[in-house]
$ cat final_27.txt   # compact mmCIF, C-alpha atoms
# COMPACT_ATOMS: atom_id res chain seq x y z
CA MET F 3 33.06 130.13 57.20
CA HIS F 4 30.90 131.23 60.11
CA LYS F 5 33.88 131.05 62.49
CA ILE F 6 35.96 133.23 60.16
CA SER F 7 33.30 135.94 59.98
CA GLU F 8 32.92 135.72 63.75
CA TYR F 9 36.55 136.78 64.21
CA SER F 10 36.80 139.25 61.32
CA ASN F 11 37.30 142.29 63.57
CA GLU F 12 40.07 140.52 65.48
CA MET F 13 41.77 139.50 62.23
CA LYS F 14 41.53 143.09 60.93
CA LEU F 15 42.99 144.40 64.19
CA LEU F 16 45.84 141.89 63.97
CA LEU F 17 46.62 142.97 60.39
CA TYR F 18 46.50 146.67 61.33
CA GLY F 19 48.79 146.00 64.28
CA PHE F 20 51.21 144.15 62.01
CA PHE F 21 51.34 147.01 59.49
CA ILE F 22 51.76 149.56 62.29
CA TYR F 23 54.64 147.50 63.71
CA LEU F 24 56.23 147.55 60.25
CA GLU F 25 55.65 151.32 60.08
CA MET F 26 53.73 150.91 56.83
CA ASP F 27 51.05 153.47 56.06
CA ILE F 28 47.77 151.61 56.58
CA GLU F 29 45.90 153.98 54.27
CA ILE F 30 48.29 153.19 51.41
CA VAL F 31 47.91 149.46 52.08
CA LYS F 32 44.11 149.87 52.02
CA VAL F 33 44.23 151.83 48.75
CA LEU F 34 46.40 149.14 47.17
CA PHE F 35 44.07 146.39 48.39
CA TYR F 36 40.98 148.21 47.06
CA LEU F 37 42.68 148.76 43.70
CA MET F 38 43.51 145.05 43.55
CA VAL F 39 39.87 144.16 44.25
CA MET F 40 38.68 146.63 41.58
CA ASP F 41 41.18 145.28 39.07
CA THR F 42 40.05 141.72 39.74
CA PHE F 43 36.37 142.68 39.41
CA LEU F 44 37.01 144.55 36.14
CA GLY F 45 39.09 141.61 34.90
CA ILE F 46 36.07 139.34 35.43
CA ILE F 47 33.82 141.75 33.52
CA LYS F 48 36.42 142.02 30.73
CA THR F 49 36.60 138.23 30.48
CA ILE F 50 32.81 138.02 30.14
CA VAL F 51 32.58 140.89 27.62
CA LEU F 52 35.37 139.46 25.44
CA ASN F 53 33.89 135.93 25.64
CA ASN F 54 37.14 134.54 27.03
CA PRO F 55 37.01 131.29 28.99
CA PHE F 56 36.30 131.92 32.68
CA SER F 57 37.25 129.63 35.55
CA PHE F 58 37.07 130.09 39.28
CA LYS F 59 40.46 128.41 39.59
CA LYS F 60 42.04 131.10 37.38
CA LEU F 61 40.17 133.80 39.35
CA ALA F 62 41.38 132.42 42.69
CA LEU F 63 44.97 132.08 41.47
CA GLY F 64 44.89 135.63 40.09
CA PHE F 65 43.55 137.09 43.30
CA VAL F 66 45.99 135.15 45.47
CA SER F 67 48.88 136.29 43.27
CA LYS F 68 47.69 139.90 43.63
CA LEU F 69 47.55 139.54 47.41
CA ALA F 70 51.00 137.96 47.35
CA VAL F 71 52.27 141.20 45.83
CA LEU F 72 51.56 142.79 49.23
CA LEU F 73 54.28 140.50 50.59
CA ILE F 74 56.93 142.51 48.70
CA PRO F 75 56.67 145.72 50.76
CA THR F 76 55.96 143.64 53.85
CA ALA F 77 59.19 141.68 53.34
CA LEU F 78 61.08 144.93 52.75
CA ALA F 79 59.69 146.41 55.96
CA LEU F 80 60.61 143.27 57.93
CA MET F 81 64.12 143.35 56.45
CA SER F 82 64.38 146.98 57.47
CA ILE F 83 63.58 146.12 61.07
CA GLY F 84 65.79 143.02 61.07
CA LEU F 85 68.78 144.89 59.67
CA ASN F 86 68.11 148.00 61.74
CA TYR F 87 68.25 149.95 58.49
CA ASN F 88 65.72 152.54 57.38
CA PHE F 89 63.96 151.13 54.28
CA LYS F 90 60.78 153.11 54.90
CA TRP F 91 61.38 155.34 51.86
CA PHE F 92 61.96 152.25 49.68
CA VAL F 93 58.86 150.52 51.04
CA THR F 94 56.81 153.64 50.26
CA ILE F 95 58.21 153.86 46.71
CA VAL F 96 57.42 150.19 46.08
CA MET F 97 53.88 150.66 47.41
CA ASP F 98 53.44 153.72 45.16
CA LEU F 99 54.69 151.77 42.14
CA LEU F 100 52.30 148.90 42.93
CA ILE F 101 49.42 151.39 43.14
CA VAL F 102 50.34 152.87 39.76
CA SER F 103 50.68 149.38 38.27
CA ASP F 104 47.20 148.38 39.44
CA GLY F 105 45.84 151.71 38.21
CA ILE F 106 47.25 151.02 34.75
CA SER F 107 45.70 147.55 34.80
CA ILE F 108 42.30 148.99 35.80
CA ILE F 109 42.44 151.52 32.96
CA SER F 110 43.42 148.77 30.50
CA ASN F 111 40.48 146.65 31.66
CA ILE F 112 38.07 149.58 31.25
CA ILE F 113 39.37 150.25 27.72
CA ALA F 114 38.99 146.57 26.83
CA ILE F 115 35.43 146.51 28.19
CA LYS F 116 34.50 149.70 26.34
CA THR F 117 36.07 148.74 22.98
CA LYS F 118 35.35 145.00 23.31
CA LYS F 119 38.96 144.39 22.21
CA GLU F 120 41.91 143.05 24.16
CA VAL F 121 44.31 145.81 25.17
CA GLU F 122 48.01 145.14 25.35
CA ASN F 123 48.84 145.52 29.01
CA PHE F 124 52.14 146.91 30.21
CA ASP F 125 53.65 144.41 32.66
CA ALA F 126 54.69 146.93 35.29
CA MET F 127 54.56 144.33 38.07
CA THR F 128 57.44 142.29 36.62
CA LEU F 129 59.51 145.45 36.16
CA ILE F 130 58.82 146.44 39.78
CA LEU F 131 59.80 142.99 41.04
CA LYS F 132 63.04 143.11 39.07
CA LEU F 133 63.78 146.62 40.34
CA VAL F 134 63.24 145.59 43.96
CA ARG F 135 65.40 142.49 43.48
CA ASP F 136 68.23 144.46 41.84
CA ARG F 137 68.21 147.13 44.56
CA LEU F 138 68.30 144.50 47.30
CA ILE F 139 71.24 142.75 45.63
CA GLN F 140 73.09 146.09 45.45
CA LEU F 141 72.39 146.71 49.13
CA PHE F 142 73.55 143.21 50.05
CA LYS F 143 76.80 143.68 48.15
CA ARG F 144 77.41 147.02 49.90
CA LEU F 145 76.78 145.39 53.27
CA LEU F 146 79.25 142.60 52.47
CA ILE F 147 81.91 145.09 51.41
CA THR F 148 81.29 147.10 54.60
CA ILE F 149 81.79 143.96 56.67
CA ASP F 150 84.94 142.91 54.79
CA PRO F 151 86.49 145.55 52.49
CA LYS F 152 88.84 142.89 51.06
CA LEU F 153 85.95 141.17 49.30
CA HIS F 154 85.94 141.57 45.55
CA ILE F 155 82.30 141.53 44.55
CA GLU F 156 81.15 142.25 41.02
CA LYS F 157 79.21 145.50 40.87
$ encode --input "final_27.txt" --output "structure tokens"
Amino acid sequence: MHKISEYSNEMKLLLYGFFIYLEMDIEIVKVLFYLMVMDTFLGIIKTIVLNNPFSFKKLALGFVSKLAVLLIPTALALMSIGLNYNFKWFVTIVMDLLIVSDGISIISNIIAIKTKKEVENFDAMTLILKLVRDRLIQLFKRLLITIDPKLHIEK
């Protein structure tokens, strides 16, 4: 652990450099990360307030899955560079949607803490993932048709 903290500035610089290379707005990435941390923290408080079972394994899995969500816009940005196609607008929209999704989750956690009752949470993350997947499939089909107009691909 000591070695990791010793190189924290270098790791941060490497991450910043990576996001700059991908032309992703670092401030938006930071906001999303902070919202994810807040949501996780409030989720812990909600679990305690509602007397739900708490486990560090569930906490770790939840946080890792939240961080994995950052891979979605990162993958889109890498695809953009690899295909020499401008996805920057799409990456920004996905980041904005992820921010809104985490904001909704934070508000739901606060309501649950205040009322001491579970709040039905809108699963915006799954909808976002499906939207991104569907748009990428549409793009892929258009690229295939551009390459070979004779292809008959279902729309």
$ axis_aligned_box --input "final_27.txt" --around "segment 127-137 of chain F" --padding-each-side "5 Å" --output "lines of an AutoDock Vina configuration file"
center_x = 61.4
center_y = 144.7
center_z = 40.4
size_x = 23.7
size_y = 14.8
size_z = 18.4
$ atom_distance --input "final_27.txt" --atom1 "atom CA of Val71 of chain F" --atom2 "atom CA of Lys143 of chain F"
24.8 Å
$ residues_around --input "final_27.txt" --residues "Ile47 of chain F" --least-positions-apart "2" --cutoff "12 Å" --atoms "all atoms listed in the file" --output "list in words"
Met40, Asp41, Thr42, Phe43, Leu44, Gly45, Thr49, Ile50, Val51, Leu52, Asn53, Asn54, Pro55, Phe56, Leu61, Ile108, Asn111, Ile112, Ile113, Ala114, Ile115, Lys116 and Lys118 of chain F
$ write_last_selection --input "final_27.txt" --atoms "C-alpha atoms" --output "compact mmCIF listing (two decimals), in the coordinates of the input"
# COMPACT_ATOMS: atom_id res chain seq x y z
CA MET F 40 38.68 146.63 41.58
CA ASP F 41 41.18 145.28 39.07
CA THR F 42 40.05 141.72 39.74
CA PHE F 43 36.37 142.68 39.41
CA LEU F 44 37.01 144.55 36.14
CA GLY F 45 39.09 141.61 34.90
CA THR F 49 36.60 138.23 30.48
CA ILE F 50 32.81 138.02 30.14
CA VAL F 51 32.58 140.89 27.62
CA LEU F 52 35.37 139.46 25.44
CA ASN F 53 33.89 135.93 25.64
CA ASN F 54 37.14 134.54 27.03
CA PRO F 55 37.01 131.29 28.99
CA PHE F 56 36.30 131.92 32.68
CA LEU F 61 40.17 133.80 39.35
CA ILE F 108 42.30 148.99 35.80
CA ASN F 111 40.48 146.65 31.66
CA ILE F 112 38.07 149.58 31.25
CA ILE F 113 39.37 150.25 27.72
CA ALA F 114 38.99 146.57 26.83
CA ILE F 115 35.43 146.51 28.19
CA LYS F 116 34.50 149.70 26.34
CA LYS F 118 35.35 145.00 23.31
$ closest_residue --input "final_27.txt" --among "F:Ala126, F:Lys48, F:Met38, F:Ser103" --to "Ala70 of chain F" --atoms "only C-alpha atoms"
F:Met38
$ atom_distance --input "final_27.txt" --atom1 "atom CA of Met127 of chain F" --atom2 "atom CA of Leu100 of chain F"
7.0 Å
$ atom_distance --input "final_27.txt" --atom1 "atom CA of Phe124 of chain F" --atom2 "atom CA of Leu80 of chain F"
29.2 Å
$ closest_residue --input "final_27.txt" --among "F:Leu85, F:Val39, F:Ala77, F:Leu138" --to "Gly64 of chain F" --atoms "only C-alpha atoms"
F:Val39
$ residues_around --input "final_27.txt" --residues "Phe89 of chain F" --least-positions-apart "5" --cutoff "10 Å" --atoms "all atoms listed in the file" --output "mmCIF file with C-alpha atoms, keeping the file's coordinate frame"
data_model
loop_
_atom_site.group_PDB
_atom_site.id
_atom_site.type_symbol
_atom_site.label_atom_id
_atom_site.label_comp_id
_atom_site.auth_asym_id
_atom_site.auth_seq_id
_atom_site.Cartn_x
_atom_site.Cartn_y
_atom_site.Cartn_z
ATOM 1 C CA PRO F 75 56.670 145.720 50.760
ATOM 2 C CA LEU F 78 61.080 144.930 52.750
ATOM 3 C CA ALA F 79 59.690 146.410 55.960
ATOM 4 C CA LEU F 80 60.610 143.270 57.930
ATOM 5 C CA MET F 81 64.120 143.350 56.450
ATOM 6 C CA SER F 82 64.380 146.980 57.470
ATOM 7 C CA ILE F 83 63.580 146.120 61.070
ATOM 8 C CA THR F 94 56.810 153.640 50.260
ATOM 9 C CA ILE F 95 58.210 153.860 46.710
#
$ decode --input "final_27.txt" --residues "segment 86-108 of chain F" --atoms "N, CA and C atoms" --output "PDB file, in the first residue's frame"
ATOM      1  N   ASN F  86     -11.006   6.451 -36.734  1.00  0.00           N
ATOM      2  CA  ASN F  86     -10.819   7.785 -37.294  1.00  0.00           C
ATOM      3  C   ASN F  86     -12.178   8.427 -37.587  1.00  0.00           C
ATOM      4  N   TYR F  87     -13.061   8.322 -36.600  1.00  0.00           N
ATOM      5  CA  TYR F  87     -14.425   8.806 -36.706  1.00  0.00           C
ATOM      6  C   TYR F  87     -14.690   9.655 -35.477  1.00  0.00           C
ATOM      7  N   ASN F  88     -15.358  10.771 -35.625  1.00  0.00           N
ATOM      8  CA  ASN F  88     -15.561  11.673 -34.502  1.00  0.00           C
ATOM      9  C   ASN F  88     -16.757  11.245 -33.644  1.00  0.00           C
ATOM     10  N   PHE F  89     -16.457  10.558 -32.525  1.00  0.00           N
ATOM     11  CA  PHE F  89     -17.478  10.143 -31.565  1.00  0.00           C
ATOM     12  C   PHE F  89     -17.542  11.095 -30.382  1.00  0.00           C
ATOM     13  N   LYS F  90     -16.772  12.168 -30.413  1.00  0.00           N
ATOM     14  CA  LYS F  90     -16.667  13.026 -29.228  1.00  0.00           C
ATOM     15  C   LYS F  90     -18.039  13.460 -28.714  1.00  0.00           C
ATOM     16  N   TRP F  91     -18.940  13.820 -29.590  1.00  0.00           N
ATOM     17  CA  TRP F  91     -20.290  14.222 -29.188  1.00  0.00           C
ATOM     18  C   TRP F  91     -21.005  13.078 -28.478  1.00  0.00           C
ATOM     19  N   PHE F  92     -20.826  11.842 -28.976  1.00  0.00           N
ATOM     20  CA  PHE F  92     -21.475  10.684 -28.384  1.00  0.00           C
ATOM     21  C   PHE F  92     -20.873  10.367 -27.017  1.00  0.00           C
ATOM     22  N   VAL F  93     -19.559  10.474 -26.918  1.00  0.00           N
ATOM     23  CA  VAL F  93     -18.870  10.260 -25.643  1.00  0.00           C
ATOM     24  C   VAL F  93     -19.376  11.264 -24.607  1.00  0.00           C
ATOM     25  N   THR F  94     -19.508  12.519 -25.018  1.00  0.00           N
ATOM     26  CA  THR F  94     -19.996  13.564 -24.112  1.00  0.00           C
ATOM     27  C   THR F  94     -21.428  13.289 -23.667  1.00  0.00           C
ATOM     28  N   ILE F  95     -22.277  12.871 -24.590  1.00  0.00           N
ATOM     29  CA  ILE F  95     -23.670  12.551 -24.241  1.00  0.00           C
ATOM     30  C   ILE F  95     -23.719  11.396 -23.251  1.00  0.00           C
ATOM     31  N   VAL F  96     -22.929  10.357 -23.494  1.00  0.00           N
ATOM     32  CA  VAL F  96     -22.904   9.210 -22.582  1.00  0.00           C
ATOM     33  C   VAL F  96     -22.422   9.639 -21.203  1.00  0.00           C
ATOM     34  N   MET F  97     -21.379  10.472 -21.154  1.00  0.00           N
ATOM     35  CA  MET F  97     -20.884  10.959 -19.861  1.00  0.00           C
ATOM     36  C   MET F  97     -21.970  11.763 -19.145  1.00  0.00           C
ATOM     37  N   ASP F  98     -22.667  12.619 -19.887  1.00  0.00           N
ATOM     38  CA  ASP F  98     -23.756  13.407 -19.294  1.00  0.00           C
ATOM     39  C   ASP F  98     -24.852  12.502 -18.740  1.00  0.00           C
ATOM     40  N   LEU F  99     -25.216  11.469 -19.498  1.00  0.00           N
ATOM     41  CA  LEU F  99     -26.243  10.542 -19.042  1.00  0.00           C
ATOM     42  C   LEU F  99     -25.796   9.782 -17.788  1.00  0.00           C
ATOM     43  N   LEU F 100     -24.527   9.415 -17.740  1.00  0.00           N
ATOM     44  CA  LEU F 100     -23.999   8.727 -16.555  1.00  0.00           C
ATOM     45  C   LEU F 100     -24.031   9.647 -15.335  1.00  0.00           C
ATOM     46  N   ILE F 101     -23.740  10.925 -15.549  1.00  0.00           N
ATOM     47  CA  ILE F 101     -23.796  11.907 -14.454  1.00  0.00           C
ATOM     48  C   ILE F 101     -25.224  12.032 -13.941  1.00  0.00           C
ATOM     49  N   VAL F 102     -26.183  12.144 -14.857  1.00  0.00           N
ATOM     50  CA  VAL F 102     -27.587  12.245 -14.453  1.00  0.00           C
ATOM     51  C   VAL F 102     -28.019  10.975 -13.709  1.00  0.00           C
ATOM     52  N   SER F 103     -27.610   9.813 -14.208  1.00  0.00           N
ATOM     53  CA  SER F 103     -27.960   8.549 -13.574  1.00  0.00           C
ATOM     54  C   SER F 103     -27.445   8.487 -12.139  1.00  0.00           C
ATOM     55  N   ASP F 104     -26.190   8.878 -11.933  1.00  0.00           N
ATOM     56  CA  ASP F 104     -25.643   8.879 -10.578  1.00  0.00           C
ATOM     57  C   ASP F 104     -26.332   9.929  -9.712  1.00  0.00           C
ATOM     58  N   GLY F 105     -26.686  11.056 -10.304  1.00  0.00           N
ATOM     59  CA  GLY F 105     -27.427  12.074  -9.555  1.00  0.00           C
ATOM     60  C   GLY F 105     -28.766  11.548  -9.068  1.00  0.00           C
ATOM     61  N   ILE F 106     -29.477  10.829  -9.932  1.00  0.00           N
ATOM     62  CA  ILE F 106     -30.754  10.230  -9.548  1.00  0.00           C
ATOM     63  C   ILE F 106     -30.551   9.235  -8.409  1.00  0.00           C
ATOM     64  N   SER F 107     -29.507   8.443  -8.508  1.00  0.00           N
ATOM     65  CA  SER F 107     -29.218   7.457  -7.467  1.00  0.00           C
ATOM     66  C   SER F 107     -28.904   8.134  -6.129  1.00  0.00           C
ATOM     67  N   ILE F 108     -28.157   9.232  -6.181  1.00  0.00           N
ATOM     68  CA  ILE F 108     -27.829   9.984  -4.956  1.00  0.00           C
ATOM     69  C   ILE F 108     -29.114  10.525  -4.322  1.00  0.00           C
TER      70      ILE F 108
END
